[in-house]
Every structure is written in structure tokens, then in C-alpha cells.
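K.L.:
Sending over a structure as C-alpha cells; questions will come in a sec.
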Amino acid sequence: MSDDFRVRLLIVDDEQSIRRLCTTVGESLGFVCMEADSGESALTVLEEQPAHMILTDMVMPRMSGLQFLETVKKLLPRTEVAVMTGHGSIETAVQAMKLGAYDYITKPFSPLEELRLFLRRMAEKVRLVEENQFLRERTDTETELHGIVGTSAKIQDVLRMISRLKDTRTPVLISGESGTGKELVARAIHFRGSFATRPFVAVDCGSLVPTLIESELFGYEKGAFTGALKSKAGLFQSANGGTIFLDEIGELPLEMQAKLLRVLQEKEVRPVGSNQKVKVDVRVIAATNRDLEAEYRAGTFRKDLYFRLNVVTVNLPSLRERRSDIPMLVHWFLDRYAAGKTMVVTNSAMKCMLHYEWPGNVRELENCIERAVALGDHQTIDIDDLPPVISSASGGSEVAREAPVSVFTTTDLEDIERATIQRVFEQVNGDKARAGKMLGISRATLYRKLKRYNIGMRALSTSSSALQ
């Protein structure tokens, strides 16, 4: 949560002297204070500017404090409401707490420090709730994207495709070089939609022992082969009702490809050693770093299986095709491996990473940052902390050092983020729902970032209450 977060307090009382007294105390605590002389006018204020905290009198003309409290808790359930009451109205105050009030305080305030301490405790709860909400939004966003980091046009195309595929049962083929994040995309497709609570089974086809591939995928009966001491369900059965991810599908032998095709067509498997078929309801996502179209033309991959899998294709760009995402990825991995330490990257080191070709793609970049954090003995990552093959990428470390050494900090990332959000916001003509989907973030997170970067704030002013 931003360090400049300020609590907004609304004081509701028909007595001006009470309102002014509470405002004086609230402002001394650093709050932004607003006033209203009735429940009706307070609701109007809240439509213009939602409050984190409300301090309301119980006895007011037309709308009572209890009625006002009940209305606010329905409209703004996260807003904390405390009530002010006379010494003879404790029973009413207890009723207010049953309706969701934070607490009550009796008038007159004696000593005045009692009001100050009361508001301070209330604000501490508000700050804690806001901080937790901020962390949840950040965690939800990161979980939602499953580590797919970037704002480049190519990666945004991938995120839009994930959003379209998350609820479909259509087979998906993910293509891309090694290390581009094919399994991350498969997991995002599964966990972002209606399949999220169902099984997700990942299979590395290249690591399966050729003689055991069939039994691993489809299961086997007791006694089917030497060592089969009991029956075992296969990976397709384990994924029943959910998703099976077949990584590096091009590694499967031709004979196994034919059996896989039959399973996809008939939606049933036959365990090794069994005469009975078992029905399976599985969504198939396959991935490859090969050109399967060229392989089926060469006869090394079955044409019919290729077209069965290639209903929808998601093409992942290599890291060199989206170099603008490298700074954001660097800081993503720094957050992961620096264990809470604040670490920065010099412009010289960043220059090397931006010029390097990254044949291992995002996985190689992750290994590079993990290595730099593990071997570095200071809080700055410079050229010497990078592997030699990367440190020479900009024409040699000596050339890279010719420029003045400064650090690449989160400020630079904010500039990138600001420009990206501004571009997307303009592309969708201020439509926040579409902008959030294109950026892959929740509406609440988008609102916070728009406010932080002062993007489209006029359009936001009319909808701020709906986001509480």
C-alpha cells in the first residue's frame, strides 16, 4: 500500500460544534475530514467521495443513526462506522454494534484525548484492512497470471487468448521455443476459468520411458507385466474432469501417437492388460518446441493427430521478440529470489541483458537473476554478477562500462507501467472493464493504478463508490 495513504473520515452530526470538534481531532491525526449534518446529506457526500471511516450521531432528524448505519453497511460494507451516543443510550449503541458498527463512544468527550485515542484505534484497523486488501489484490493478480509477466503487445495477445480459452473444452496446442513458459500458459488457461477446482495433470512426454509410456498414460491391470503387483490408474484417469497437459508432444513415438489419437476421438482409455475401456472426460492442452506441421509433412508426426490437437494454437514469443518485457521480468525474479532484500540493477547490467539473444528465453533469464542474487555480495547487480556470455552481449563489458553507471530501479518500471496503462486506456476509450482484461488485472487493481498515475481521473470520479 502507498506510503501516502490517508484515512478519509466523515463526521455526521446535526450539531455543528460537534462536527468541528471531531474534524479538528481528525485532522490532527492526519485524516482527510468531511462533514454532514444529516444521514441524507452524508449519503450524498459518500456518493461523491467514499470514506474509510464514519463517525455518526445516533439521534438525528428524519434519518436516525441506526437507519443511516444500516444503509451504509449495505452500500459500503468495507467502511468502518462508529456511533456517538449520550450516556443514557448505551442500549441503542449495543444495537448499533449488532448491525455492524465498529464501536461506540459517549458524548460529551471527556477528556478530549479519549476521542483522539478512539479514532486512532479505528484508523489502525482501517489501515490493516486496506493493507490486507492491497496484498490480496497483488497476490490474486500474480496468481491469476501464473507468472506470465509483461506488457508487450505480443504477450498481451497471449493473455487475451488465455482469457478466451479458460472455459472451453477445445483442444489447445501451445507452440514456442524452450523456456518461453508453455506450462505457465497451460496452467493459466486451466486455473483462470471454470476448471480451476478440477485436476490439472502435467506430463513431460520427453521424459517418459518409451516402454512404459502407455502404462503411464492409460494405466495398467495387476499382472499386466513384470512388476505390476497391483492395478494402477493412468494419468488420463487422474485428470478426469479436468485438464491434462502434454508437454513436448512431439517427443511421443509414432505408435504412441496413434493410441493417443484414439483416446482423443473415443474419449476412453484401455489400461494395459485389460479388455475393458474406461471413459475419461479430459480437456487436452499440448505443447511443443518443434514445427509439427513440418514434421507431419516429413512423416515424423501423425498428420491426423496434428489436426486433432491444433484446433486452437497459442504461439508464445521468444524473449528476444519482446525485449521491452525484460526489465519487468528482471524485477519479478528479483522479488522472488532476493528474499526481501532491496536490490537494484545497474544500467550497464540491464543493457547487457537487453542486448543478449536469450536462446533459453525466460527460463534462462530466471537462472541468470537467481545466480546473480546467490553469488552477489552487495545490493547492486552489475555486469560482473552476470554470466560471461551475457555480460559481453552489448559488445563487451568494457564497452558497456563507458556509460555512467546508474541503477535501474522500480521508478523505471513505473514509467513502463504508466505508459502501458495509458496506451491501453486510450485504445479502449476509457472502458475500465476492457482495459483490465487487456492488462490482465482486476478492476480494483486497475482503479488503484489509474489513480496512482493520474490517468483518466475524470472518468473515475463518477464510479469510485462502486469500487469500495
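As shown in the C-alpha cells, the chain order sets the letters A, B, ...; within each chain, residues go from 1, and ligands are also counted from 1 in the order they appear.
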Just asking: which residues within region 22-241 of chain A are helix (DSSP H, G or I) according to DSSP, as a PyMOL selection string?

P.N.:
chain A and resi 22-28+39-48+65-75+87-98+112-145+153-165+182-191+205-207+210-218+235-238

K.L.:
Pick out each residue of region 77-323 of chain A that DSSP on the backbone tags as strand (DSSP E); I need them as number ranges by chain.

P.N.:
A: 80-86, 104-107, 172-175, 200-204, 219-220, 232-233, 243-247, 268-269, 278-279, 283-288, 312-315

K.L.:
Using the selection just defined, write its residues with N, CA and C atoms as a compact mmCIF listing (two decimals), in the first residue's frame.

P.N.:
# COMPACT_ATOMS: atom_id res chain seq x y z
N GLU A 80 -15.76 1.45 7.86
CA GLU A 80 -15.97 1.30 9.31
C GLU A 80 -16.85 2.44 9.81
N VAL A 81 -17.88 2.10 10.56
CA VAL A 81 -18.81 3.10 11.10
C VAL A 81 -18.82 3.00 12.62
N ALA A 82 -18.51 4.11 13.28
CA ALA A 82 -18.61 4.19 14.74
C ALA A 82 -19.73 5.17 15.09
N VAL A 83 -20.37 4.95 16.26
CA VAL A 83 -21.51 5.80 16.63
C VAL A 83 -21.19 6.60 17.89
N MET A 84 -21.74 7.82 17.91
CA MET A 84 -21.65 8.68 19.10
C MET A 84 -23.01 8.66 19.79
N THR A 85 -23.00 8.51 21.08
CA THR A 85 -24.26 8.40 21.81
C THR A 85 -24.14 9.05 23.18
N GLY A 86 -25.28 9.45 23.73
CA GLY A 86 -25.29 10.02 25.07
C GLY A 86 -25.18 8.91 26.11
N TYR A 104 -18.70 2.20 19.80
CA TYR A 104 -19.41 3.43 20.12
C TYR A 104 -18.59 4.23 21.13
N ILE A 105 -18.84 5.55 21.15
CA ILE A 105 -18.19 6.44 22.09
C ILE A 105 -19.25 7.40 22.62
N THR A 106 -19.19 7.69 23.89
CA THR A 106 -20.23 8.51 24.52
C THR A 106 -19.85 9.99 24.48
N LYS A 107 -20.89 10.83 24.33
CA LYS A 107 -20.72 12.29 24.40
C LYS A 107 -21.22 12.77 25.76
N VAL A 172 -6.09 -27.45 -27.19
CA VAL A 172 -5.22 -26.29 -27.41
C VAL A 172 -3.81 -26.79 -27.64
N LEU A 173 -3.14 -26.21 -28.65
CA LEU A 173 -1.74 -26.51 -28.91
C LEU A 173 -0.92 -25.25 -28.66
N ILE A 174 0.01 -25.32 -27.72
CA ILE A 174 0.87 -24.19 -27.38
C ILE A 174 2.23 -24.41 -28.03
N SER A 175 2.66 -23.48 -28.86
CA SER A 175 3.95 -23.61 -29.53
C SER A 175 4.88 -22.51 -29.07
N PHE A 200 -5.46 -30.88 -12.58
CA PHE A 200 -4.55 -30.45 -13.64
C PHE A 200 -3.35 -31.39 -13.57
N VAL A 201 -3.13 -32.17 -14.62
CA VAL A 201 -2.05 -33.15 -14.65
C VAL A 201 -1.09 -32.78 -15.77
N ALA A 202 0.17 -32.52 -15.41
CA ALA A 202 1.19 -32.16 -16.40
C ALA A 202 2.05 -33.39 -16.69
N VAL A 203 2.27 -33.65 -17.98
CA VAL A 203 3.04 -34.81 -18.40
C VAL A 203 4.17 -34.34 -19.32
N ASP A 204 5.41 -34.63 -18.95
CA ASP A 204 6.55 -34.33 -19.80
C ASP A 204 6.78 -35.54 -20.70
N GLY A 219 -2.70 -46.33 -17.66
CA GLY A 219 -2.84 -47.22 -16.52
C GLY A 219 -2.61 -48.67 -16.90
N TYR A 220 -2.66 -49.55 -15.90
CA TYR A 220 -2.45 -50.97 -16.17
C TYR A 220 -3.16 -51.81 -15.10
N LYS A 232 -3.16 -49.93 -11.46
CA LYS A 232 -2.87 -48.52 -11.25
C LYS A 232 -3.55 -47.69 -12.33
N ALA A 233 -4.21 -46.62 -11.92
CA ALA A 233 -4.86 -45.72 -12.88
C ALA A 233 -3.79 -44.91 -13.61
N THR A 243 -7.97 -31.15 -16.73
CA THR A 243 -7.07 -30.88 -17.86
C THR A 243 -5.83 -31.75 -17.78
N ILE A 244 -5.43 -32.31 -18.92
CA ILE A 244 -4.13 -32.98 -19.00
C ILE A 244 -3.25 -32.15 -19.93
N PHE A 245 -2.05 -31.84 -19.47
CA PHE A 245 -1.11 -31.03 -20.23
C PHE A 245 0.00 -31.93 -20.74
N LEU A 246 0.05 -32.12 -22.05
CA LEU A 246 1.05 -32.98 -22.68
C LEU A 246 2.18 -32.12 -23.22
N ASP A 247 3.21 -31.95 -22.40
CA ASP A 247 4.34 -31.10 -22.78
C ASP A 247 5.26 -31.85 -23.73
N GLU A 268 -12.01 -42.46 -24.27
CA GLU A 268 -11.88 -43.59 -23.35
C GLU A 268 -10.49 -44.20 -23.49
N VAL A 269 -10.02 -44.80 -22.41
CA VAL A 269 -8.70 -45.42 -22.40
C VAL A 269 -8.84 -46.89 -22.08
N VAL A 278 -12.20 -47.57 -20.24
CA VAL A 278 -12.62 -46.67 -19.16
C VAL A 278 -12.90 -45.29 -19.76
N LYS A 279 -14.08 -44.76 -19.54
CA LYS A 279 -14.44 -43.44 -20.05
C LYS A 279 -13.64 -42.35 -19.33
N ARG A 283 -9.94 -32.36 -20.82
CA ARG A 283 -9.51 -31.34 -21.79
C ARG A 283 -8.02 -31.51 -22.02
N VAL A 284 -7.60 -31.51 -23.29
CA VAL A 284 -6.20 -31.73 -23.62
C VAL A 284 -5.55 -30.42 -24.07
N ILE A 285 -4.45 -30.09 -23.39
CA ILE A 285 -3.60 -28.98 -23.82
C ILE A 285 -2.23 -29.58 -24.11
N ALA A 286 -1.76 -29.41 -25.32
CA ALA A 286 -0.45 -29.94 -25.70
C ALA A 286 0.50 -28.79 -25.99
N ALA A 287 1.79 -29.07 -25.90
CA ALA A 287 2.80 -28.04 -26.15
C ALA A 287 3.97 -28.65 -26.90
N THR A 288 4.63 -27.82 -27.68
CA THR A 288 5.79 -28.31 -28.43
C THR A 288 6.72 -27.16 -28.76
N VAL A 312 -6.98 -24.96 -31.71
CA VAL A 312 -6.59 -23.58 -31.38
C VAL A 312 -5.11 -23.59 -31.03
N THR A 313 -4.36 -22.67 -31.61
CA THR A 313 -2.93 -22.59 -31.34
C THR A 313 -2.60 -21.29 -30.62
N VAL A 314 -1.80 -21.40 -29.58
CA VAL A 314 -1.28 -20.23 -28.88
C VAL A 314 0.23 -20.19 -29.15
N ASN A 315 0.68 -19.17 -29.85
CA ASN A 315 2.09 -19.05 -30.19
C ASN A 315 2.78 -18.14 -29.18

K.L.:
Taking 3 positions as the minimum chain separation for residues in the same chain, which residues sit within 7 Å of Pro317 (chain A) when counting only C-alpha atoms? Answer as a list in words.

P.N.:
Lys154, Gly176 and Glu321 of chain A

K.L.:
Determine, using only C-alpha atoms, which residues of region 179-224 of chain A have any atom at most 10 Å from an atom of region 289-297 of chain A, and tabulate each with its shortest atom pair and distance in Å to one decimal place, rows ordered by chain and then rising number, as CSV.

P.N.:
residue,atom,partner,partner_atom,distance
A:Gly179,CA,A:Asn289,CA,9.3
A:Thr180,CA,A:Asn289,CA,9.4
A:Lys182,CA,A:Asn289,CA,9.2

K.L.:
Which residues come within 10 Å of Cys368 (chain A), counting only C-alpha atoms, excluding same-chain residues fewer than 2 positions away, as a list in words?

P.N.:
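The residues satisfying every condition are Val330, Phe333, Met353, Val362, Arg363, Glu364, Leu365, Glu366, Glu370, Arg371, Ala372, Val373, Ala374, Asp385, Leu386, Pro387 and Ile390 of chain A.
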
K.L.:
Could you check which of A:Val149, A:Met60, A:Ile381, A:Leu212 is closest to Asn347 (chain A), using only C-alpha atoms?

P.N.:
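Using only C-alpha atoms, the shortest distance to Asn347 (chain A) belongs to A:Ile381.
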
K.L.:
Would you list the contacts of Thr56 (chain A) as number ranges by chain, taking every protein, DNA or RNA residue within 12 Å and counting only C-alpha atoms, but skipping same-chain residues closer than 2 positions in sequence?

P.N.:
A: 9-15, 18-19, 22, 34-39, 42-43, 53-54, 58-60, 63-69, 72, 80-85, 93, 96, 101-107

K.L.:
Would you work out the distance separating CA of Thr44 (chain A) from CA of Thr71 (chain A), expressed in Å to one decimal?

P.N.:
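Calculated distance between CA of Thr44 (chain A) and CA of Thr71 (chain A) is 12.3 Å.
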
K.L.:
In Å to one decimal, how far is CA of Leu446 (chain A) from CA of Gln422 (chain A)?

P.N.:
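Atom-to-atom, CA of Gln422 (chain A) to CA of Leu446 (chain A), that is 11.2 Å.
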
K.L.:
Just want the 10 Å neighbourhood of Leu254 (chain A), counted on only C-alpha atoms, with same-chain residues fewer than 5 positions away dropped. Output as a VMD selection string.

P.N.:
chain A and resid 259 to 260 299 to 302

K.L.:
Nearest to Pro271 (chain A): which of A:Gly223, A:Pro171, A:Gly241, A:Pro50 is it, counting only C-alpha atoms?

P.N.:
A:Gly223

K.L.:
Could you list, as a list of chain:residue names, every residue within 9 Å of Met161 (chain A), counting only C-alpha atoms and ignoring same-chain residues fewer than 4 positions away?

P.N.:
A:Gln156, A:Asp157, A:Leu165, A:Lys166, A:Ile189, A:Val314

K.L.:
Please, could you write that set of residues out with C-alpha atoms as an mmCIF file, in the first residue's frame?

P.N.:
data_model
loop_
_atom_site.group_PDB
_atom_site.id
_atom_site.type_symbol
_atom_site.label_atom_id
_atom_site.label_comp_id
_atom_site.auth_asym_id
_atom_site.auth_seq_id
_atom_site.Cartn_x
_atom_site.Cartn_y
_atom_site.Cartn_z
ATOM 1 C CA GLN A 156 -0.861 -9.168 -24.272
ATOM 2 C CA ASP A 157 -2.100 -11.163 -27.277
ATOM 3 C CA LEU A 165 -9.870 -20.290 -23.770
ATOM 4 C CA LYS A 166 -10.221 -20.553 -19.989
ATOM 5 C CA ILE A 189 -5.839 -21.479 -19.068
ATOM 6 C CA VAL A 314 -1.280 -20.226 -28.878
#

K.L.:
In Å, rounded to a single decimal, give me how far CA of Cys205 (chain A) is from CA of Gly234 (chain A).

P.N.:
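Between CA of Gly234 (chain A) and CA of Cys205 (chain A) the gap is 13.9 Å.
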